[in-house]
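**Student:** target24.pdb is reproduced in full below (PDB, C-alpha atoms and all ligand atoms).
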ATOM      1  CA  MET A  25      -5.691 -17.573  22.675
ATOM      2  CA  ARG A  26      -2.768 -17.244  25.077
ATOM      3  CA  ASP A  27      -2.536 -20.628  26.701
ATOM      4  CA  PHE A  28      -2.468 -23.943  24.860
ATOM      5  CA  LYS A  29      -2.143 -26.209  27.912
ATOM      6  CA  ASN A  30      -4.683 -29.058  28.049
ATOM      7  CA  LYS A  31      -6.587 -27.654  25.082
ATOM      8  CA  TRP A  32      -6.910 -29.480  21.761
ATOM      9  CA  GLY A  33      -5.329 -28.456  18.483
ATOM     10  CA  LEU A  34      -5.697 -29.925  15.003
ATOM     11  CA  VAL A  35      -2.736 -29.553  12.645
ATOM     12  CA  THR A  36      -3.022 -30.477   8.961
ATOM     13  CA  GLY A  37       0.078 -31.426   7.010
ATOM     14  CA  ALA A  38       1.702 -32.561  10.254
ATOM     15  CA  SER A  39       3.775 -35.320   8.643
ATOM     16  CA  SER A  40       6.657 -32.994   7.707
ATOM     17  CA  GLY A  41       8.037 -29.461   7.553
ATOM     18  CA  ILE A  42       6.211 -26.557   9.149
ATOM     19  CA  GLY A  43       3.232 -28.693  10.234
ATOM     20  CA  ALA A  44       5.424 -31.180  12.126
ATOM     21  CA  GLU A  45       7.170 -28.239  13.793
ATOM     22  CA  PHE A  46       3.819 -26.738  14.832
ATOM     23  CA  ALA A  47       2.973 -30.100  16.391
ATOM     24  CA  ARG A  48       6.276 -30.219  18.321
ATOM     25  CA  GLN A  49       6.043 -26.652  19.635
ATOM     26  CA  LEU A  50       2.367 -27.019  20.599
ATOM     27  CA  ALA A  51       3.026 -30.331  22.360
ATOM     28  CA  ALA A  52       5.883 -28.680  24.243
ATOM     29  CA  GLN A  53       3.322 -26.168  25.542
ATOM     30  CA  GLY A  54       1.023 -28.949  26.750
ATOM     31  CA  MET A  55      -1.555 -28.945  23.965
ATOM     32  CA  HIS A  56      -3.285 -32.218  23.042
ATOM     33  CA  LEU A  57      -3.159 -32.799  19.321
ATOM     34  CA  VAL A  58      -4.891 -34.329  16.342
ATOM     35  CA  LEU A  59      -2.370 -34.691  13.514
ATOM     36  CA  VAL A  60      -3.599 -34.968   9.921
ATOM     37  CA  ALA A  61      -1.850 -35.876   6.643
ATOM     38  CA  ARG A  62      -1.645 -38.768   4.153
ATOM     39  CA  ARG A  63       1.631 -40.450   5.200
ATOM     40  CA  GLU A  64       0.796 -42.754   8.084
ATOM     41  CA  PRO A  65       4.333 -43.812   9.149
ATOM     42  CA  GLN A  66       5.450 -40.215   9.689
ATOM     43  CA  LEU A  67       2.293 -39.331  11.625
ATOM     44  CA  HIS A  68       2.568 -42.486  13.706
ATOM     45  CA  GLU A  69       6.176 -41.820  14.638
ATOM     46  CA  LEU A  70       5.590 -38.163  15.491
ATOM     47  CA  ALA A  71       2.486 -38.913  17.586
ATOM     48  CA  ASP A  72       4.367 -41.582  19.573
ATOM     49  CA  GLN A  73       7.276 -39.242  20.120
ATOM     50  CA  LEU A  74       5.092 -36.345  21.315
ATOM     51  CA  ARG A  75       3.107 -38.530  23.719
ATOM     52  CA  VAL A  76       6.269 -39.872  25.317
ATOM     53  CA  GLU A  77       8.229 -36.641  25.362
ATOM     54  CA  TYR A  78       5.497 -34.236  26.513
ATOM     55  CA  GLY A  79       2.845 -36.480  28.129
ATOM     56  CA  ILE A  80       0.088 -35.098  25.930
ATOM     57  CA  GLN A  81      -2.759 -36.929  24.223
ATOM     58  CA  CYS A  82      -1.995 -37.176  20.547
ATOM     59  CA  GLU A  83      -4.056 -38.869  17.833
ATOM     60  CA  PHE A  84      -3.380 -38.994  14.134
ATOM     61  CA  LEU A  85      -5.859 -39.253  11.280
ATOM     62  CA  VAL A  86      -4.737 -40.306   7.821
ATOM     63  CA  CYS A  87      -6.603 -38.220   5.273
ATOM     64  CA  ASP A  88      -6.232 -36.932   1.744
ATOM     65  CA  LEU A  89      -7.717 -33.489   2.211
ATOM     66  CA  THR A  90      -8.385 -33.086  -1.503
ATOM     67  CA  ASP A  91     -11.053 -35.780  -1.136
ATOM     68  CA  ARG A  92     -14.214 -34.230   0.347
ATOM     69  CA  ASP A  93     -15.541 -37.514   1.733
ATOM     70  CA  GLN A  94     -12.259 -38.228   3.486
ATOM     71  CA  LEU A  95     -12.135 -34.653   4.772
ATOM     72  CA  ARG A  96     -15.619 -34.884   6.268
ATOM     73  CA  ALA A  97     -14.989 -38.299   7.804
ATOM     74  CA  MET A  98     -11.758 -36.922   9.304
ATOM     75  CA  CYS A  99     -13.616 -33.946  10.835
ATOM     76  CA  ASP A 100     -16.260 -36.233  12.357
ATOM     77  CA  ARG A 101     -13.558 -38.471  13.817
ATOM     78  CA  ALA A 102     -11.618 -35.463  15.145
ATOM     79  CA  GLN A 103     -14.718 -34.252  16.948
ATOM     80  CA  GLU A 104     -15.104 -37.676  18.587
ATOM     81  CA  VAL A 105     -11.463 -37.641  19.694
ATOM     82  CA  ALA A 106     -11.386 -34.048  20.914
ATOM     83  CA  PRO A 107     -14.320 -32.547  22.763
ATOM     84  CA  ALA A 108     -13.449 -29.129  21.356
ATOM     85  CA  ILE A 109     -10.849 -28.047  18.816
ATOM     86  CA  ASP A 110      -9.491 -24.777  20.209
ATOM     87  CA  LEU A 111      -6.721 -24.278  17.666
ATOM     88  CA  LEU A 112      -6.879 -25.178  13.987
ATOM     89  CA  VAL A 113      -3.636 -24.987  12.011
ATOM     90  CA  ASN A 114      -4.505 -25.172   8.310
ATOM     91  CA  ASN A 115      -0.998 -25.933   7.141
ATOM     92  CA  ALA A 116      -1.300 -28.688   4.481
ATOM     93  CA  GLY A 117      -0.500 -27.338   1.068
ATOM     94  CA  PHE A 118       1.763 -27.708  -1.902
ATOM     95  CA  GLY A 119       3.205 -25.649  -4.705
ATOM     96  CA  LEU A 120       3.467 -26.205  -8.412
ATOM     97  CA  THR A 121       5.884 -24.682 -10.905
ATOM     98  CA  MET A 122       5.061 -25.084 -14.583
ATOM     99  CA  THR A 123       5.405 -23.495 -17.971
ATOM    100  CA  LEU A 124       2.507 -22.953 -20.335
ATOM    101  CA  ASP A 125       3.665 -25.659 -22.740
ATOM    102  CA  LYS A 126       3.415 -28.273 -19.971
ATOM    103  CA  ILE A 127       0.226 -27.398 -18.158
ATOM    104  CA  ASP A 128      -0.947 -30.039 -15.697
ATOM    105  CA  VAL A 129      -4.616 -29.250 -15.139
ATOM    106  CA  PRO A 130      -5.489 -32.176 -12.813
ATOM    107  CA  GLN A 131      -2.550 -31.415 -10.529
ATOM    108  CA  THR A 132      -3.419 -27.695 -10.547
ATOM    109  CA  THR A 133      -7.024 -28.325  -9.560
ATOM    110  CA  ARG A 134      -5.867 -30.744  -6.858
ATOM    111  CA  MET A 135      -3.633 -27.992  -5.487
ATOM    112  CA  ILE A 136      -6.512 -25.513  -5.462
ATOM    113  CA  ARG A 137      -8.712 -28.074  -3.712
ATOM    114  CA  LEU A 138      -6.072 -28.481  -0.999
ATOM    115  CA  ASN A 139      -4.737 -24.935  -0.628
ATOM    116  CA  VAL A 140      -8.113 -23.200  -0.972
ATOM    117  CA  ALA A 141     -11.188 -25.462  -0.732
ATOM    118  CA  SER A 142     -10.123 -27.782   2.086
ATOM    119  CA  LEU A 143      -8.700 -24.884   4.111
ATOM    120  CA  THR A 144     -11.989 -23.005   3.726
ATOM    121  CA  GLU A 145     -14.100 -26.029   4.637
ATOM    122  CA  LEU A 146     -12.012 -26.841   7.724
ATOM    123  CA  THR A 147     -12.122 -23.231   8.895
ATOM    124  CA  TYR A 148     -15.902 -23.050   8.563
ATOM    125  CA  ARG A 149     -16.239 -26.440  10.225
ATOM    126  CA  PHE A 150     -14.327 -25.554  13.403
ATOM    127  CA  LEU A 151     -14.821 -21.787  13.735
ATOM    128  CA  PRO A 152     -18.473 -21.882  14.928
ATOM    129  CA  GLY A 153     -17.504 -24.004  17.970
ATOM    130  CA  MET A 154     -14.764 -21.530  18.863
ATOM    131  CA  LEU A 155     -17.202 -18.635  18.570
ATOM    132  CA  GLU A 156     -19.713 -20.420  20.778
ATOM    133  CA  ARG A 157     -17.064 -21.023  23.436
ATOM    134  CA  ARG A 158     -15.638 -17.512  22.901
ATOM    135  CA  ASP A 159     -12.188 -19.033  22.747
ATOM    136  CA  GLY A 160     -10.034 -20.272  19.923
ATOM    137  CA  ALA A 161      -7.722 -19.524  17.053
ATOM    138  CA  VAL A 162      -7.133 -20.469  13.446
ATOM    139  CA  ILE A 163      -3.720 -20.236  11.822
ATOM    140  CA  ASN A 164      -3.839 -20.421   8.039
ATOM    141  CA  LEU A 165      -0.668 -20.998   6.028
ATOM    142  CA  ALA A 166      -0.499 -18.265   3.436
ATOM    143  CA  SER A 167       2.859 -17.235   1.954
ATOM    144  CA  LEU A 168       5.060 -14.366   0.869
ATOM    145  CA  ALA A 169       3.538 -15.284  -2.511
ATOM    146  CA  SER A 170       0.175 -14.058  -1.150
ATOM    147  CA  PHE A 171       1.195 -10.463  -1.751
ATOM    148  CA  GLN A 172       1.922 -10.579  -5.469
ATOM    149  CA  PRO A 173       1.505 -12.551  -8.681
ATOM    150  CA  LEU A 174       4.183 -15.180  -9.329
ATOM    151  CA  PRO A 175       4.733 -16.183 -12.972
ATOM    152  CA  TYR A 176       5.261 -19.952 -13.436
ATOM    153  CA  MET A 177       3.646 -20.467 -10.014
ATOM    154  CA  ALA A 178       0.567 -18.529 -11.064
ATOM    155  CA  ALA A 179      -2.096 -20.764  -9.530
ATOM    156  CA  TYR A 180      -0.075 -21.360  -6.348
ATOM    157  CA  ALA A 181       0.436 -17.639  -5.697
ATOM    158  CA  ALA A 182      -3.233 -16.955  -6.438
ATOM    159  CA  SER A 183      -4.248 -19.720  -4.022
ATOM    160  CA  LYS A 184      -2.135 -18.112  -1.293
ATOM    161  CA  SER A 185      -3.625 -14.657  -2.005
ATOM    162  CA  PHE A 186      -6.975 -16.273  -1.310
ATOM    163  CA  VAL A 187      -5.691 -17.586   2.022
ATOM    164  CA  LEU A 188      -4.416 -14.155   3.091
ATOM    165  CA  HIS A 189      -7.583 -12.282   2.144
ATOM    166  CA  PHE A 190      -9.916 -14.968   3.494
ATOM    167  CA  SER A 191      -8.058 -15.006   6.818
ATOM    168  CA  GLU A 192      -7.907 -11.232   7.177
ATOM    169  CA  SER A 193     -11.653 -10.934   6.585
ATOM    170  CA  LEU A 194     -12.342 -13.574   9.225
ATOM    171  CA  TRP A 195      -9.916 -11.883  11.619
ATOM    172  CA  ALA A 196     -12.043  -8.725  11.365
ATOM    173  CA  GLU A 197     -15.306 -10.668  11.745
ATOM    174  CA  THR A 198     -14.193 -12.637  14.803
ATOM    175  CA  ARG A 199     -12.024 -10.236  16.777
ATOM    176  CA  SER A 200     -14.794  -8.904  19.026
ATOM    177  CA  ARG A 201     -15.701 -12.484  20.002
ATOM    178  CA  ASN A 202     -12.405 -13.513  21.564
ATOM    179  CA  VAL A 203     -11.433 -15.670  18.598
ATOM    180  CA  THR A 204      -8.550 -14.858  16.305
ATOM    181  CA  VAL A 205      -7.586 -15.825  12.775
ATOM    182  CA  LEU A 206      -3.987 -15.436  11.655
ATOM    183  CA  ALA A 207      -2.515 -15.667   8.161
ATOM    184  CA  LEU A 208       1.059 -16.897   8.474
ATOM    185  CA  CYS A 209       3.038 -15.750   5.429
ATOM    186  CA  PRO A 210       6.476 -17.381   5.365
ATOM    187  CA  GLY A 211       9.085 -16.750   2.734
ATOM    188  CA  PHE A 212      11.280 -19.635   1.611
ATOM    189  CA  THR A 213      11.490 -22.136   4.447
ATOM    190  CA  ARG A 214      13.776 -25.181   4.702
ATOM    191  CA  THR A 215      11.298 -28.010   4.069
ATOM    192  CA  ASP A 216      10.538 -30.538   1.333
ATOM    193  CA  PHE A 217       8.315 -27.872  -0.224
ATOM    194  CA  LEU A 218      11.173 -26.144  -2.049
ATOM    195  CA  THR A 219      12.243 -29.185  -4.062
ATOM    196  CA  GLU A 220       8.747 -30.628  -4.352
ATOM    197  CA  ALA A 221       7.471 -27.349  -5.813
ATOM    198  CA  GLY A 222      10.454 -27.063  -8.194
ATOM    199  CA  MET A 223      11.586 -23.730  -6.790
ATOM    200  CA  PRO A 224      14.631 -21.975  -8.304
ATOM    201  CA  VAL A 225      17.938 -23.020  -6.760
ATOM    202  CA  TRP A 226      18.653 -19.503  -5.444
ATOM    203  CA  THR A 227      15.662 -19.755  -3.113
ATOM    204  CA  GLN A 228      17.542 -22.357  -1.026
ATOM    205  CA  LYS A 229      20.017 -19.657   0.003
ATOM    206  CA  VAL A 230      17.487 -17.313   1.575
ATOM    207  CA  THR A 231      15.567 -19.654   3.789
ATOM    208  CA  HIS A 232      14.308 -19.618   7.335
ATOM    209  CA  THR A 233      13.894 -22.729   9.449
ATOM    210  CA  PRO A 234      10.451 -24.131  10.324
ATOM    211  CA  GLN A 235      11.352 -23.438  13.990
ATOM    212  CA  GLN A 236      11.756 -19.702  13.286
ATOM    213  CA  VAL A 237       8.526 -19.587  11.288
ATOM    214  CA  VAL A 238       6.459 -21.315  13.967
ATOM    215  CA  ARG A 239       7.909 -19.211  16.808
ATOM    216  CA  ARG A 240       6.994 -16.104  14.823
ATOM    217  CA  ALA A 241       3.435 -17.414  14.372
ATOM    218  CA  PHE A 242       2.998 -17.786  18.133
ATOM    219  CA  ARG A 243       4.264 -14.262  18.745
ATOM    220  CA  ALA A 244       1.803 -12.909  16.186
ATOM    221  CA  LEU A 245      -1.029 -14.942  17.687
ATOM    222  CA  ARG A 246      -0.298 -13.545  21.158
ATOM    223  CA  SER A 247      -0.496  -9.998  19.767
ATOM    224  CA  ARG A 248      -3.643 -10.924  17.832
ATOM    225  CA  ARG A 249      -2.130  -9.815  14.530
ATOM    226  CA  GLN A 250      -4.163 -10.604  11.416
ATOM    227  CA  TYR A 251      -1.112 -11.626   9.405
ATOM    228  CA  THR A 252       2.595 -12.031   9.909
ATOM    229  CA  VAL A 253       5.600 -12.330   7.603
ATOM    230  CA  PRO A 254       8.535 -14.000   9.370
ATOM    231  CA  GLY A 255      11.877 -12.271   8.695
ATOM    232  CA  ALA A 256      12.726  -8.592   8.119
ATOM    233  CA  MET A 257      13.804  -9.093   4.490
ATOM    234  CA  ASN A 258      10.662 -11.038   3.731
ATOM    235  CA  TYR A 259       8.558  -8.321   5.336
ATOM    236  CA  ALA A 260      10.295  -5.723   3.150
ATOM    237  CA  ALA A 261       9.627  -7.893   0.071
ATOM    238  CA  SER A 262       5.949  -8.120   1.023
ATOM    239  CA  LEU A 263       5.742  -4.320   0.832
ATOM    240  CA  LEU A 264       7.190  -4.103  -2.688
ATOM    241  CA  PRO A 265       3.846  -4.423  -4.504
ATOM    242  CA  ARG A 266       2.590  -1.409  -2.535
ATOM    243  CA  LEU A 267       5.644   0.694  -3.418
ATOM    244  CA  ALA A 268       6.290  -0.233  -7.052
ATOM    245  CA  GLU A 269       3.982  -0.402 -10.060
ATOM    246  CA  ARG A 270       2.270  -3.791 -10.308
ATOM    247  CA  ARG A 271       3.624  -4.392 -13.821
ATOM    248  CA  VAL A 272       7.168  -3.785 -12.564
ATOM    249  CA  VAL A 273       6.651  -6.217  -9.689
ATOM    250  CA  VAL A 274       5.305  -8.985 -11.912
ATOM    251  CA  LYS A 275       8.109  -8.469 -14.477
ATOM    252  CA  ILE A 276      10.773  -8.783 -11.769
ATOM    253  CA  ALA A 277       9.087 -11.936 -10.494
ATOM    254  CA  GLU A 278       8.936 -13.361 -14.038
ATOM    255  CA  PHE A 279      12.700 -12.828 -14.362
ATOM    256  CA  LEU A 280      13.515 -14.371 -10.974
ATOM    257  CA  PHE A 281      11.298 -17.419 -11.421
ATOM    258  CA  ARG A 282      11.895 -18.005 -15.176
ATOM    259  CA  PRO A 283      12.410 -21.766 -15.642
ATOM    260  CA  LYS A 284      15.930 -21.544 -17.106
ATOM    261  CA  ARG A 285      16.961 -20.362 -13.652
ATOM    262  CA  VAL A 286      15.249 -23.360 -12.115
ATOM    263  CA  GLY A 287      17.412 -26.332 -11.154
ATOM    264  CA  GLY A 288      16.495 -29.735 -12.588
ATOM    265  CA  ASN A 289      13.092 -30.553 -14.007
ATOM    266  CA  SER A 290      10.764 -27.864 -12.818
ATOM    267  CA  ASP A 291       7.823 -28.400 -15.104
ATOM    268  CA  ALA A 292       4.603 -29.264 -13.338
ATOM    269  CA  LYS A 293       6.712 -30.390 -10.491
ATOM    270  CA  SER A 294       5.066 -31.126  -7.262
ATOM    271  CA  THR A 295       4.357 -33.210  -4.545
ATOM    272  CA  ARG A 296       3.702 -36.730  -3.609
TER     273      ARG A 296
HETATM  274  N1  LIG B   1       8.493 -24.117   2.638
HETATM  275  C1  LIG B   1       8.254 -22.934   2.123
HETATM  276  O1  LIG B   1       9.165 -22.285   1.553
HETATM  277  C2  LIG B   1       6.880 -22.317   2.244
HETATM  278  C3  LIG B   1       6.747 -20.929   2.027
HETATM  279  C4  LIG B   1       5.490 -20.357   2.135
HETATM  280  C5  LIG B   1       4.394 -21.121   2.481
HETATM  281  N2  LIG B   1       4.540 -22.454   2.673
HETATM  282  C6  LIG B   1       3.347 -23.236   3.008
HETATM  283  O2  LIG B   1       3.571 -23.949   4.202
HETATM  284  C7  LIG B   1       2.722 -25.094   4.241
HETATM  285  C8  LIG B   1       3.533 -26.293   4.712
HETATM  286  O3  LIG B   1       4.515 -26.612   3.752
HETATM  287  P1  LIG B   1       5.971 -27.127   4.138
HETATM  288  O4  LIG B   1       6.924 -26.099   3.682
HETATM  289  O5  LIG B   1       6.008 -27.567   5.536
HETATM  290  O6  LIG B   1       6.106 -28.349   3.098
HETATM  291  P2  LIG B   1       6.052 -29.927   3.320
HETATM  292  O7  LIG B   1       7.112 -30.357   4.261
HETATM  293  O8  LIG B   1       6.029 -30.493   1.935
HETATM  294  O9  LIG B   1       4.653 -30.162   4.027
HETATM  295  C9  LIG B   1       3.429 -30.222   3.359
HETATM  296  C10 LIG B   1       2.451 -31.000   4.222
HETATM  297  O10 LIG B   1       1.171 -31.016   3.564
HETATM  298  C11 LIG B   1       0.679 -32.360   3.582
HETATM  299  N3  LIG B   1      -0.176 -32.611   2.432
HETATM  300  C12 LIG B   1       0.134 -32.456   1.119
HETATM  301  N4  LIG B   1      -0.892 -32.859   0.352
HETATM  302  C13 LIG B   1      -1.874 -33.281   1.212
HETATM  303  C14 LIG B   1      -3.171 -33.831   1.032
HETATM  304  N5  LIG B   1      -3.687 -34.021  -0.191
HETATM  305  N6  LIG B   1      -3.888 -34.161   2.122
HETATM  306  C15 LIG B   1      -3.378 -33.989   3.357
HETATM  307  N7  LIG B   1      -2.161 -33.472   3.605
HETATM  308  C16 LIG B   1      -1.415 -33.134   2.534
HETATM  309  C17 LIG B   1       1.934 -33.229   3.515
HETATM  310  O11 LIG B   1       1.694 -34.499   4.096
HETATM  311  P3  LIG B   1       1.449 -35.855   3.297
HETATM  312  O12 LIG B   1       2.322 -35.853   2.092
HETATM  313  O13 LIG B   1       1.827 -36.905   4.303
HETATM  314  O14 LIG B   1       0.002 -35.863   2.987
HETATM  315  C18 LIG B   1       2.894 -32.439   4.420
HETATM  316  O15 LIG B   1       2.706 -32.804   5.758
HETATM  317  C19 LIG B   1       2.103 -25.211   2.845
HETATM  318  O16 LIG B   1       0.783 -24.720   2.885
HETATM  319  C20 LIG B   1       2.977 -24.307   1.984
HETATM  320  O17 LIG B   1       2.286 -23.777   0.882
HETATM  321  C21 LIG B   1       5.759 -23.078   2.580
END
How does the structure come out when it is put into structure tokens?
**Tutor:**
Amino acid sequence: MRDFKNKWGLVTGASSGIGAEFARQLAAQGMHLVLVARREPQLHELADQLRVEYGIQCEFLVCDLTDRDQLRAMCDRAQEVAPAIDLLVNNAGFGLTMTLDKIDVPQTTRMIRLNVASLTELTYRFLPGMLERRDGAVINLASLASFQPLPYMAAYAASKSFVLHFSESLWAETRSRNVTVLALCPGFTRTDFLTEAGMPVWTQKVTHTPQQVVRRAFRALRSRRQYTVPGAMNYAASLLPRLAERRVVVKIAEFLFRPKRVGGNSDAKSTR
């Protein structure tokens, strides 16, 4: 998909961070948008701003994507609003840092429902229409964590490995039908995610901006890449598990992410 103008996109997790930046950059290219997240005031404000600034149609749908009924109702409503969703940005997600003596099972399963199950359901909901029209794209938010295990963020990293592998398989299945699926794999990015997920303090020093990450995604989409890792250092880090023994990689990660290096209360920390 090369041209977004006058087509419709649906962006999940559009109330902040990378999702809000996707919305801004897509609106600037003339795409009409459906914005999805739980926080209504943020969605409302962004939708108003994008309509005024770029003259696009922009609707927002408040939805907790971990709730299947809400997710389905949101999809039905989106299909009433937009005749065809040509771009799906599966961006909503959160991270969770915890030690084994403070396991939070409900929060972990909620994270898997959001990062894995809702992303899968939304992809399978909107992909068939794109294939029928022989036009469309899906951008799935994976992570640098997709490439390796991450002690203390074990379930989060595993959820993002799912996103990478799921997206790459679909990329191969859809590429002859003029549809593309991209796994976007950012490293640390300056959003609420870092504090919400209880990331180590040092991660704040090696961040990219959401603007850089989203620009990189569009470049990768234009070249029909199946995945992209924004930033040369991040790309090099993504190769490490291929170059070093897996046990070495996981031991280094355990050292870097060990909770004593984490600022503040990191246990089972997450998200709204
Ligand atoms: N920042 C990083 O360093 C980084 C690195 C790699 C990958 N990522 C990935 O990038 C994506 C975006 O994260 P971000 O960095 O932009 O963080 P963020 O600013 O915290 O954004 C997360 C978004 O997800 C939405 N969300 C969370 N739970 C939801 C739910 N149950 N239902 C619907 N929406 C929900 C949030 O909106 P509401 O709270 O309003 O619902 C928010 O808009 C995530 O998938 C994350 O895993 C981030």
**Student:** Applied to this file, what does the PyMOL selection byres (((chain A and resi 101-112) around 6) and not hetatm) return in terms of residues, put as a PyMOL selection string?
**Tutor:** chain A and resi 32-34+98-100+113+160-162
**Student:** CA of Arg271 in chain A and CA of Leu174 in chain A are how many Å apart?
**Tutor:**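 Going from CA of Arg271 in chain A over to CA of Leu174 in chain A covers 11.7 Å.
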**Student:** Let me see if you get this right: every residue at most 7 Å from ligand LIG 1 (chain B), counting all atoms listed in the file, written as JSON, numbers by chain.
**Tutor:** {"A": [36, 37, 38, 39, 40, 41, 42, 43, 60, 61, 62, 63, 87, 88, 89, 90, 115, 116, 117, 118, 119, 138, 139, 165, 166, 167, 168, 209, 210, 211, 212, 213, 214, 215, 216, 217, 218, 220, 296]}
**Student:** Set the distance at 8 Å and use only C-alpha atoms: which residues neighbour Val237 in chain A once local chain neighbours fewer than 2 positions away are removed? I'd like the list as a list in words.
**Tutor:** Ile42, Pro210, Thr213, His232, Thr233, Pro234, Gln235, Arg239, Arg240, Ala241 and Pro254 of chain A
**Student:** Residues within 12 Å of Thr198 in chain A, please, as a ChimeraX atom specification. Count only C-alpha atoms; anything in the same chain fewer than 5 positions from it doesn't count.
**Tutor:** /A:151-152,154-156,158-162,191-193,203-206,248,250
**Student:** Save the residues we just selected, C-alpha atoms, as a CSV table (one decimal), in the coordinates of the input?
**Tutor:**
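The new file part_3.csv reads:
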chain,number,residue,atom,x,y,z
A,151,LEU,CA,-14.8,-21.8,13.7
A,152,PRO,CA,-18.5,-21.9,14.9
A,154,MET,CA,-14.8,-21.5,18.9
A,155,LEU,CA,-17.2,-18.6,18.6
A,156,GLU,CA,-19.7,-20.4,20.8
A,158,ARG,CA,-15.6,-17.5,22.9
A,159,ASP,CA,-12.2,-19.0,22.7
A,160,GLY,CA,-10.0,-20.3,19.9
A,161,ALA,CA,-7.7,-19.5,17.1
A,162,VAL,CA,-7.1,-20.5,13.4
A,191,SER,CA,-8.1,-15.0,6.8
A,192,GLU,CA,-7.9,-11.2,7.2
A,193,SER,CA,-11.7,-10.9,6.6
A,203,VAL,CA,-11.4,-15.7,18.6
A,204,THR,CA,-8.6,-14.9,16.3
A,205,VAL,CA,-7.6,-15.8,12.8
A,206,LEU,CA,-4.0,-15.4,11.7
A,248,ARG,CA,-3.6,-10.9,17.8
A,250,GLN,CA,-4.2,-10.6,11.4
**Student:** With only C-alpha atoms as the basis for distance, which of A:Thr133, A:Asn164, A:Asn202, A:Ser247 is at the shortest distance from Ser185 in chain A?
**Tutor:** A:Asn164
**Student:** Using only C-alpha atoms, which protein or nucleic acid residues come within 7 Å of Val140 in chain A? Drop anything in the same chain fewer than 4 positions from it, and give the result as a list of chain:residue names.
**Tutor:**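 Everything that qualifies: A:Ile136, A:Thr144, A:Ser183, A:Val187.
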**Student:** Please produce an output containing C-alpha atoms for each residue in the selection, written as a PDB file, in the frame of the given file.
**Tutor:**
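again_1.pdb, freshly written:
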ATOM      1  CA  ILE A 136      -6.512 -25.513  -5.462  1.00  0.00           C
ATOM      2  CA  THR A 144     -11.989 -23.005   3.726  1.00  0.00           C
ATOM      3  CA  SER A 183      -4.248 -19.720  -4.022  1.00  0.00           C
ATOM      4  CA  VAL A 187      -5.691 -17.586   2.022  1.00  0.00           C
TER       5      VAL A 187
END
**Student:** Distance CA of Arg249 in chain A-CA of Pro265 in chain A, one decimal place?
**Tutor:** 20.7 Å
**Student:** Neighbours of Ile80 in chain A within 7 Å (all atoms listed in the file; same-chain residues fewer than 6 positions away dropped), as a list in words?
**Tutor:**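 Counting only the stated atoms, we get Ala51, Gly54, Met55, His56 and Leu74 of chain A.
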**Student:** Once you add 4 Å to each side, what are the centre and edge lengths of the axis-aligned box holding all listed atoms of range 79-93 of chain A? One decimal in Å, as JSON, if you can.
**Tutor:**
{"center_x": -6.3, "center_y": -36.7, "center_z": 13.3, "size_x": 26.4, "size_y": 15.2, "size_z": 37.6}
**Student:** Please compute the CA of Gly222 in chain A-CA of Glu278 in chain A distance, one decimal, in Å.
**Tutor:**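 Between these atoms lies a distance of 15.0 Å.
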**Student:** Let me make sure I understand: among A:Pro175, A:Phe190, A:Asn258, A:Leu208, which one has the smallest atom-to-atom distance to Val273 in chain A if we use all atoms listed in the file?
**Tutor:**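 Of the candidates, the smallest distance to Val273 in chain A is held by A:Pro175.
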